[in-house]
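Raw contents of upload_22.cif, mmCIF, C-alpha atoms:
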data_run
loop_
_atom_site.label_atom_id
_atom_site.label_comp_id
_atom_site.auth_asym_id
_atom_site.auth_seq_id
_atom_site.Cartn_x
_atom_site.Cartn_y
_atom_site.Cartn_z
CA MET A 1 -11.65 0.25 -12.60
CA LYS A 2 -14.90 -0.49 -14.34
CA PHE A 3 -17.34 -2.84 -12.49
CA VAL A 4 -18.98 -5.44 -14.70
CA MET A 5 -21.97 -7.48 -13.33
CA LYS A 6 -21.75 -11.09 -14.17
CA PRO A 7 -24.77 -12.65 -15.86
CA PHE A 8 -25.59 -15.00 -12.95
CA TRP A 9 -25.91 -12.29 -10.35
CA GLY A 10 -27.90 -10.20 -12.77
CA TRP A 11 -30.61 -12.76 -13.03
CA ILE A 12 -30.79 -13.08 -9.24
CA CYS A 13 -31.39 -9.35 -8.88
CA VAL A 14 -34.18 -9.42 -11.46
CA ILE A 15 -35.98 -12.27 -9.69
CA LEU A 16 -35.80 -10.53 -6.30
CA LEU A 17 -37.14 -7.32 -7.80
CA LEU A 18 -40.12 -9.05 -9.38
CA THR A 19 -40.94 -10.94 -6.18
CA ALA A 20 -40.99 -7.76 -4.12
CA CYS A 21 -43.46 -6.15 -6.51
CA GLU A 22 -46.07 -8.99 -6.43
CA SER A 23 -49.25 -8.41 -4.32
CA GLU A 24 -50.08 -10.66 -1.35
CA PRO A 25 -52.37 -13.63 -2.22
CA THR A 26 -56.02 -13.25 -1.26
CA PRO A 27 -56.99 -15.88 1.36
CA PHE A 28 -59.95 -18.21 0.69
CA PRO A 29 -63.11 -17.20 2.53
CA ALA A 30 -63.84 -19.14 5.75
CA GLN A 31 -66.32 -22.02 5.39
CA ILE A 32 -69.25 -21.13 7.68
CA PRO A 33 -71.72 -24.04 8.15
CA THR A 34 -75.28 -23.21 7.26
CA VAL A 35 -78.40 -24.79 8.76
CA THR A 36 -80.75 -26.32 6.24
CA PRO A 37 -84.47 -25.53 6.65
CA ASP A 38 -85.30 -29.15 7.62
CA ALA A 39 -82.60 -29.24 10.27
CA LEU A 40 -83.72 -25.87 11.61
CA VAL A 41 -87.32 -27.05 11.95
CA SER A 42 -86.21 -30.27 13.65
CA ALA A 43 -84.06 -28.36 16.11
CA GLN A 44 -86.88 -26.00 17.04
CA THR A 45 -89.68 -28.61 17.21
CA PRO A 46 -90.13 -30.01 20.75
CA ILE A 47 -90.10 -33.82 21.10
CA SER A 48 -93.48 -35.15 22.15
CA ILE A 49 -93.26 -37.76 24.93
CA THR A 50 -96.32 -39.89 25.57
CA PRO A 51 -96.63 -40.63 29.29
CA GLN A 52 -96.78 -44.31 30.18
CA ALA A 53 -100.02 -45.42 31.79
CA THR A 54 -99.56 -46.65 35.33
CA THR A 55 -100.20 -50.38 35.62
CA VAL A 56 -102.92 -51.22 38.11
CA ARG A 57 -101.91 -53.91 40.60
CA TYR A 58 -104.70 -56.47 41.01
CA ALA A 59 -104.38 -58.68 44.09
CA ILE A 60 -106.10 -62.07 44.23
CA ASP A 61 -106.46 -63.73 47.60
CA PRO A 62 -104.77 -67.16 47.81
CA LEU A 63 -108.15 -68.77 48.52
CA LEU A 64 -109.13 -67.74 44.97
CA ALA A 65 -105.83 -68.69 43.37
CA HIS A 66 -107.21 -71.65 41.38
CA ILE A 67 -110.63 -70.20 40.60
CA PRO A 68 -110.94 -69.22 36.91
CA LEU A 69 -111.66 -65.48 36.92
CA ALA A 70 -112.66 -63.54 33.80
CA LEU A 71 -110.67 -60.35 34.41
CA THR A 72 -110.94 -57.71 31.69
CA GLY A 73 -108.25 -55.08 31.29
CA HIS A 74 -104.50 -54.93 31.67
CA TYR A 75 -103.38 -55.56 35.23
CA GLU A 76 -100.32 -56.63 37.12
CA ILE A 77 -101.56 -59.66 39.02
CA VAL A 78 -100.34 -59.70 42.61
CA SER A 79 -100.44 -63.10 44.29
CA ASP A 80 -99.17 -64.13 47.68
CA ASP A 81 -99.55 -67.00 50.11
CA ARG A 82 -100.86 -64.57 52.71
CA PRO A 83 -104.45 -63.28 52.79
CA ILE A 84 -104.99 -59.81 51.37
CA SER A 85 -104.56 -57.17 54.06
CA PRO A 86 -106.44 -53.83 53.80
CA SER A 87 -103.40 -52.14 55.35
CA ASP A 88 -101.42 -52.95 52.18
CA LEU A 89 -103.92 -51.16 49.91
CA GLY A 90 -102.07 -48.62 47.79
CA ILE A 91 -98.72 -50.05 48.89
CA THR A 92 -98.52 -53.52 47.36
CA TYR A 93 -101.80 -53.53 45.42
CA ASP A 94 -104.44 -51.12 44.07
CA ILE A 95 -107.49 -53.37 43.87
CA GLY A 96 -108.06 -56.76 45.45
CA ILE A 97 -110.63 -59.53 45.62
CA ALA A 98 -111.12 -62.16 48.32
CA PRO A 99 -113.83 -64.34 49.84
CA ALA A 100 -116.55 -62.16 51.35
CA SER A 101 -115.61 -62.59 54.99
CA ALA A 102 -114.54 -59.11 56.15
CA GLU A 103 -116.40 -55.86 56.79
CA GLY A 104 -115.60 -52.76 54.78
CA TRP A 105 -115.28 -54.59 51.47
CA GLY A 106 -117.66 -54.21 48.54
CA LEU A 107 -119.79 -57.31 48.02
CA LEU A 108 -119.84 -58.56 44.44
CA PRO A 109 -122.92 -60.08 42.76
CA ILE A 110 -121.23 -63.45 42.27
CA SER A 111 -120.29 -66.46 44.35
CA VAL A 112 -117.99 -69.45 43.98
CA SER A 113 -119.14 -73.03 44.43
CA ILE A 114 -116.72 -75.86 45.15
CA GLY A 115 -117.45 -79.51 44.50
CA VAL A 116 -115.69 -82.80 43.98
CA ILE A 117 -115.96 -85.05 40.94
CA PHE A 118 -115.55 -88.84 40.86
CA ARG A 119 -114.81 -91.28 38.07
CA PRO A 120 -118.06 -92.75 36.70
CA ASP A 121 -116.31 -96.04 35.88
CA SER A 122 -114.91 -96.57 39.39
CA ALA A 123 -116.44 -99.13 41.74
CA TYR A 124 -115.57 -96.84 44.66
CA SER A 125 -117.27 -93.63 43.51
CA ASP A 126 -120.54 -94.24 45.37
CA ILE A 127 -118.92 -94.86 48.73
CA LEU A 128 -116.49 -91.98 48.22
CA TRP A 129 -119.47 -89.69 47.62
CA ARG A 130 -121.22 -90.84 50.79
CA ALA A 131 -118.03 -90.73 52.86
CA ILE A 132 -117.55 -86.98 52.35
CA ASP A 133 -119.44 -84.75 54.80
CA PRO A 134 -119.58 -81.07 53.63
CA PRO A 135 -120.89 -79.59 56.94
CA LEU A 136 -118.12 -81.41 58.82
CA LEU A 137 -115.62 -80.20 56.24
CA ILE A 138 -116.66 -76.58 56.89
CA GLU A 139 -116.39 -77.17 60.63
CA GLN A 140 -112.91 -78.61 60.15
CA LEU A 141 -111.90 -75.59 58.06
CA GLY A 142 -113.18 -73.25 60.76
CA LEU A 143 -114.67 -70.83 58.22
CA SER A 144 -118.17 -69.80 59.22
CA TRP A 145 -118.77 -67.86 56.00
CA LEU A 146 -118.82 -71.05 53.92
CA ILE A 147 -122.30 -72.32 53.02
CA PRO A 148 -122.68 -76.12 52.74
CA LEU A 149 -124.27 -77.43 49.55
CA HIS A 150 -124.89 -81.00 50.73
CA ASP A 151 -125.87 -82.45 54.08
CA GLY A 152 -123.68 -85.58 54.11
CA THR A 153 -125.91 -87.65 56.39
CA THR A 154 -124.49 -91.18 55.88
CA PRO A 155 -123.37 -92.48 59.31
CA ALA A 156 -119.86 -93.89 59.62
CA THR A 157 -121.23 -97.23 60.87
CA VAL A 158 -123.21 -97.66 57.65
CA LEU A 159 -120.16 -96.81 55.56
CA ARG A 160 -118.00 -99.35 57.38
CA THR A 161 -120.63 -102.03 56.80
CA ASP A 162 -120.71 -101.14 53.11
CA LEU A 163 -116.94 -101.40 52.93
CA ALA A 164 -117.08 -104.86 54.50
CA ASN A 165 -119.76 -105.93 52.03
CA MET A 166 -117.50 -104.74 49.20
CA GLY A 167 -114.74 -106.97 50.53
CA LYS A 168 -112.76 -103.89 51.63
CA PRO A 169 -113.09 -103.83 55.43
CA ASP A 170 -109.59 -102.38 55.68
CA GLY A 171 -110.28 -99.72 53.07
CA PHE A 172 -108.55 -99.11 49.75
CA MET A 173 -106.33 -96.62 47.95
CA VAL A 174 -107.47 -93.88 45.54
CA ASP A 175 -105.60 -91.21 43.61
CA MET A 176 -106.72 -87.70 44.51
CA GLY A 177 -105.81 -84.69 42.41
CA ILE A 178 -104.36 -81.85 44.51
CA ILE A 179 -104.41 -78.30 43.17
CA GLY A 180 -104.60 -76.20 46.34
CA MET A 181 -108.33 -75.65 46.91
CA MET A 182 -109.93 -75.29 50.32
CA GLY A 183 -111.04 -78.66 51.64
CA GLU A 184 -108.57 -81.03 50.01
CA ALA A 185 -106.80 -81.91 53.26
CA GLN A 186 -110.11 -82.22 55.12
CA ILE A 187 -111.49 -84.66 52.54
CA GLN A 188 -108.35 -86.74 52.88
CA ALA A 189 -108.86 -86.79 56.65
CA GLN A 190 -112.52 -87.81 56.35
CA LEU A 191 -111.69 -90.64 53.96
CA GLY A 192 -108.76 -91.68 56.11
CA ALA A 193 -111.09 -92.14 59.08
CA LEU A 194 -112.68 -94.98 57.07
CA PHE A 195 -109.26 -96.41 56.12
CA ILE A 196 -109.62 -95.05 52.58
CA GLN A 197 -106.13 -93.88 51.74
CA THR A 198 -105.53 -91.09 49.22
CA ARG A 199 -102.44 -90.84 47.09
CA ARG A 200 -101.80 -87.14 46.39
CA ILE A 201 -101.38 -86.36 42.68
CA PRO A 202 -100.16 -82.76 42.22
CA LEU A 203 -102.09 -80.91 39.52
CA SER A 204 -101.98 -77.49 37.88
CA ASP A 205 -104.62 -75.41 36.17
CA ASP A 206 -103.13 -76.45 32.83
CA ASN A 207 -102.86 -80.22 33.25
CA ARG A 208 -105.73 -81.31 35.49
CA LEU A 209 -108.14 -82.05 32.64
CA ILE A 210 -105.42 -83.99 30.86
CA ALA A 211 -104.74 -86.02 34.02
CA TRP A 212 -108.46 -86.71 34.36
CA ALA A 213 -108.80 -87.79 30.73
CA ASN A 214 -105.80 -90.10 31.12
CA GLY A 215 -107.34 -91.79 34.16
CA ASP A 216 -104.54 -90.64 36.47
CA ILE A 217 -106.90 -89.50 39.26
CA ASP A 218 -110.07 -90.83 40.87
CA LEU A 219 -111.38 -87.61 42.41
CA MET A 220 -110.54 -83.91 42.49
CA LEU A 221 -112.04 -80.62 43.60
CA VAL A 222 -113.53 -78.30 40.98
CA SER A 223 -115.20 -74.88 41.01
CA TRP A 224 -117.92 -73.01 39.17
CA MET A 225 -119.39 -69.52 39.34
CA ASN A 226 -122.55 -69.99 37.30
CA ASP A 227 -124.78 -72.69 35.85
CA ALA A 228 -122.89 -72.75 32.55
CA GLU A 229 -119.60 -73.53 34.29
CA LYS A 230 -121.25 -76.19 36.45
CA ALA A 231 -122.73 -77.77 33.32
CA GLN A 232 -119.22 -78.31 31.97
CA TRP A 233 -118.38 -80.57 34.92
CA VAL A 234 -121.75 -82.32 34.70
CA ASN A 235 -121.10 -83.02 31.02
CA LEU A 236 -117.70 -84.43 31.94
CA VAL A 237 -118.76 -86.92 34.62
CA GLY A 238 -122.56 -86.80 34.93
CA GLU A 239 -124.76 -85.25 37.63
CA ALA A 240 -124.45 -88.31 39.87
CA TYR A 241 -120.67 -87.98 40.07
CA LEU A 242 -120.47 -84.30 41.00
CA LEU A 243 -120.82 -83.68 44.73
CA PRO A 244 -121.36 -79.98 45.63
CA LEU A 245 -119.47 -79.12 48.81
CA TYR A 246 -119.79 -75.44 49.74
CA ARG A 247 -120.30 -71.93 48.39
CA PHE A 248 -118.99 -68.48 49.33
CA GLY A 249 -119.32 -64.90 48.11
CA ILE A 250 -116.58 -62.63 46.77
CA ALA A 251 -115.82 -59.08 47.87
CA TYR A 252 -113.41 -56.41 46.68
CA ILE A 253 -111.45 -53.45 47.99
CA ALA A 254 -109.86 -50.68 45.91
CA ARG A 255 -108.03 -47.38 46.17
CA PRO A 256 -110.61 -44.60 46.59
CA ASP A 257 -109.18 -42.59 43.69
CA LEU A 258 -109.80 -45.36 41.15
CA ASN A 259 -112.89 -45.38 38.95
CA ILE A 260 -114.35 -48.85 39.53
CA ILE A 261 -117.19 -50.54 37.68
CA ILE A 262 -118.49 -54.10 37.91
CA SER A 263 -118.03 -56.10 34.71
CA ASP A 264 -120.65 -58.35 33.14
CA ASP A 265 -118.84 -61.26 34.83
CA GLY A 266 -119.42 -59.66 38.23
CA LEU A 267 -115.81 -58.66 38.88
CA PRO A 268 -114.46 -55.17 39.62
CA GLN A 269 -112.46 -53.48 36.92
CA VAL A 270 -110.75 -50.10 36.63
CA VAL A 271 -112.02 -47.60 34.06
CA THR A 272 -109.21 -45.59 32.51
CA GLU A 273 -109.77 -42.30 30.70
#

Give the structure from this file in structure tokens form.
Amino acid sequence: MKFVMKPFWGWICVILLLTACESEPTPFPAQIPTVTPDALVSAQTPISITPQATTVRYAIDPLLAHIPLALTGHYEIVSDDRPISPSDLGITYDIGIAPASAEGWGLLPISVSIGVIFRPDSAYSDILWRAIDPPLLIEQLGLSWLIPLHDGTTPATVLRTDLANMGKPDGFMVDMGIIGMMGEAQIQAQLGALFIQTRRIPLSDDNRLIAWANGDIDLMLVSWMNDAEKAQWVNLVGEAYLLPLYRFGIAYIARPDLNIIISDDGLPQVVTE
């Protein structure tokens, strides 16, 4: 019997034969990332890090807290209610200034003077002036390194007679600005002994001149470190209404590894390379 291939199966055989003869497809080449020249330079260039300068800690004794100080340089101001202790040097502070009362500190070529100003237009300013005794104030403070700037010789009996002649035998009330300077409490006590009562008006370094200009206070303590600063208070109230009280020097202590110079204002400052 003769075998005859049907057309359908014939075409299938042809397709299979052609498929078997085709070559395998060539795969696409792998995509290998390349580094651009800029990226290569950036990767190989070390990052420069500028070291941060260490901040110098500058301690100011609480007795100098309200004294305007012309510090030059960038410092971290360290303030505390406690006096500066040499044992804390290098621990809580790097350089410190305080009243010149301790040995081992460097004496600075400046001093601080403290006085009290009165209102020129007050009828009580004259007797307030004469009622304040700077040597007694220093004795009451118990600080032998303070130097009195006025003798305060008016006897209490004379002051009481003057009060009676003013029609104020039982005293009167005045408003006293309080900012935290040495001697404020002692002045209140001295005036109180003559029945002159003081109403405490809290002040700050920022608002005391405003309070004075507004007439809110009758007297307050002020400071100066040179003639120019004193002249500012004299210009404000007049020489007759500025009573100098006492003066004291300033000293400093610093870490021995710091390079210290004294500024034109007489204060120690750190020289950085």

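Considering only C-alpha atoms, the residue among A:Pro244, A:Met225, A:Asn259, A:Met181 positioned nearest to Asp205 (chain A) is A:Met181.
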
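From CA of Leu221 (chain A) back to CA of Pro155 (chain A), the distance works out to 22.7 Å.
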
Which residues match the PyMOL selection byres ((chain A and resi 226-230) around 12) in the file above, as a PyMOL selection string?
-> chain A and resi 67-69+109-117+222-225+231-239+242-244+247+265-266

Explicit residues for the PyMOL selection byres ((chain A and resi 137) around 9) (as a list of chain:residue names) |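 Selection result, ordered by chain and number: A:Ile132, A:Asp133, A:Pro134, A:Pro135, A:Leu136, A:Ile138, A:Glu139, A:Gln140, A:Leu141, A:Gly142, A:Pro148, A:Gly183, A:Gln186, A:Ile187, A:Gln190, A:Leu245.
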
Using C-alpha atoms, can you write the selected residues to a file as a CSV table (one decimal), in the frame of the given file?
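In the end it all went to part13.csv:
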chain,number,residue,atom,x,y,z
A,132,ILE,CA,-117.6,-87.0,52.4
A,133,ASP,CA,-119.4,-84.8,54.8
A,134,PRO,CA,-119.6,-81.1,53.6
A,135,PRO,CA,-120.9,-79.6,56.9
A,136,LEU,CA,-118.1,-81.4,58.8
A,138,ILE,CA,-116.7,-76.6,56.9
A,139,GLU,CA,-116.4,-77.2,60.6
A,140,GLN,CA,-112.9,-78.6,60.2
A,141,LEU,CA,-111.9,-75.6,58.1
A,142,GLY,CA,-113.2,-73.2,60.8
A,148,PRO,CA,-122.7,-76.1,52.7
A,183,GLY,CA,-111.0,-78.7,51.6
A,186,GLN,CA,-110.1,-82.2,55.1
A,187,ILE,CA,-111.5,-84.7,52.5
A,190,GLN,CA,-112.5,-87.8,56.4
A,245,LEU,CA,-119.5,-79.1,48.8

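Ranking A:Tyr75, A:Met220, A:Ala164, A:Leu146 by their shortest atom-to-atom distance to Trp129 (chain A), with only C-alpha atoms included, puts A:Met220 first.
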
Closest of A:Ser87, A:Ser144, A:Thr55, A:Thr157 to Ala193 (chain A) - atom-to-atom distances counting only C-alpha atoms =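 Comparing A:Ser87, A:Ser144, A:Thr55, A:Thr157 against Ala193 (chain A), the winner is A:Thr157.
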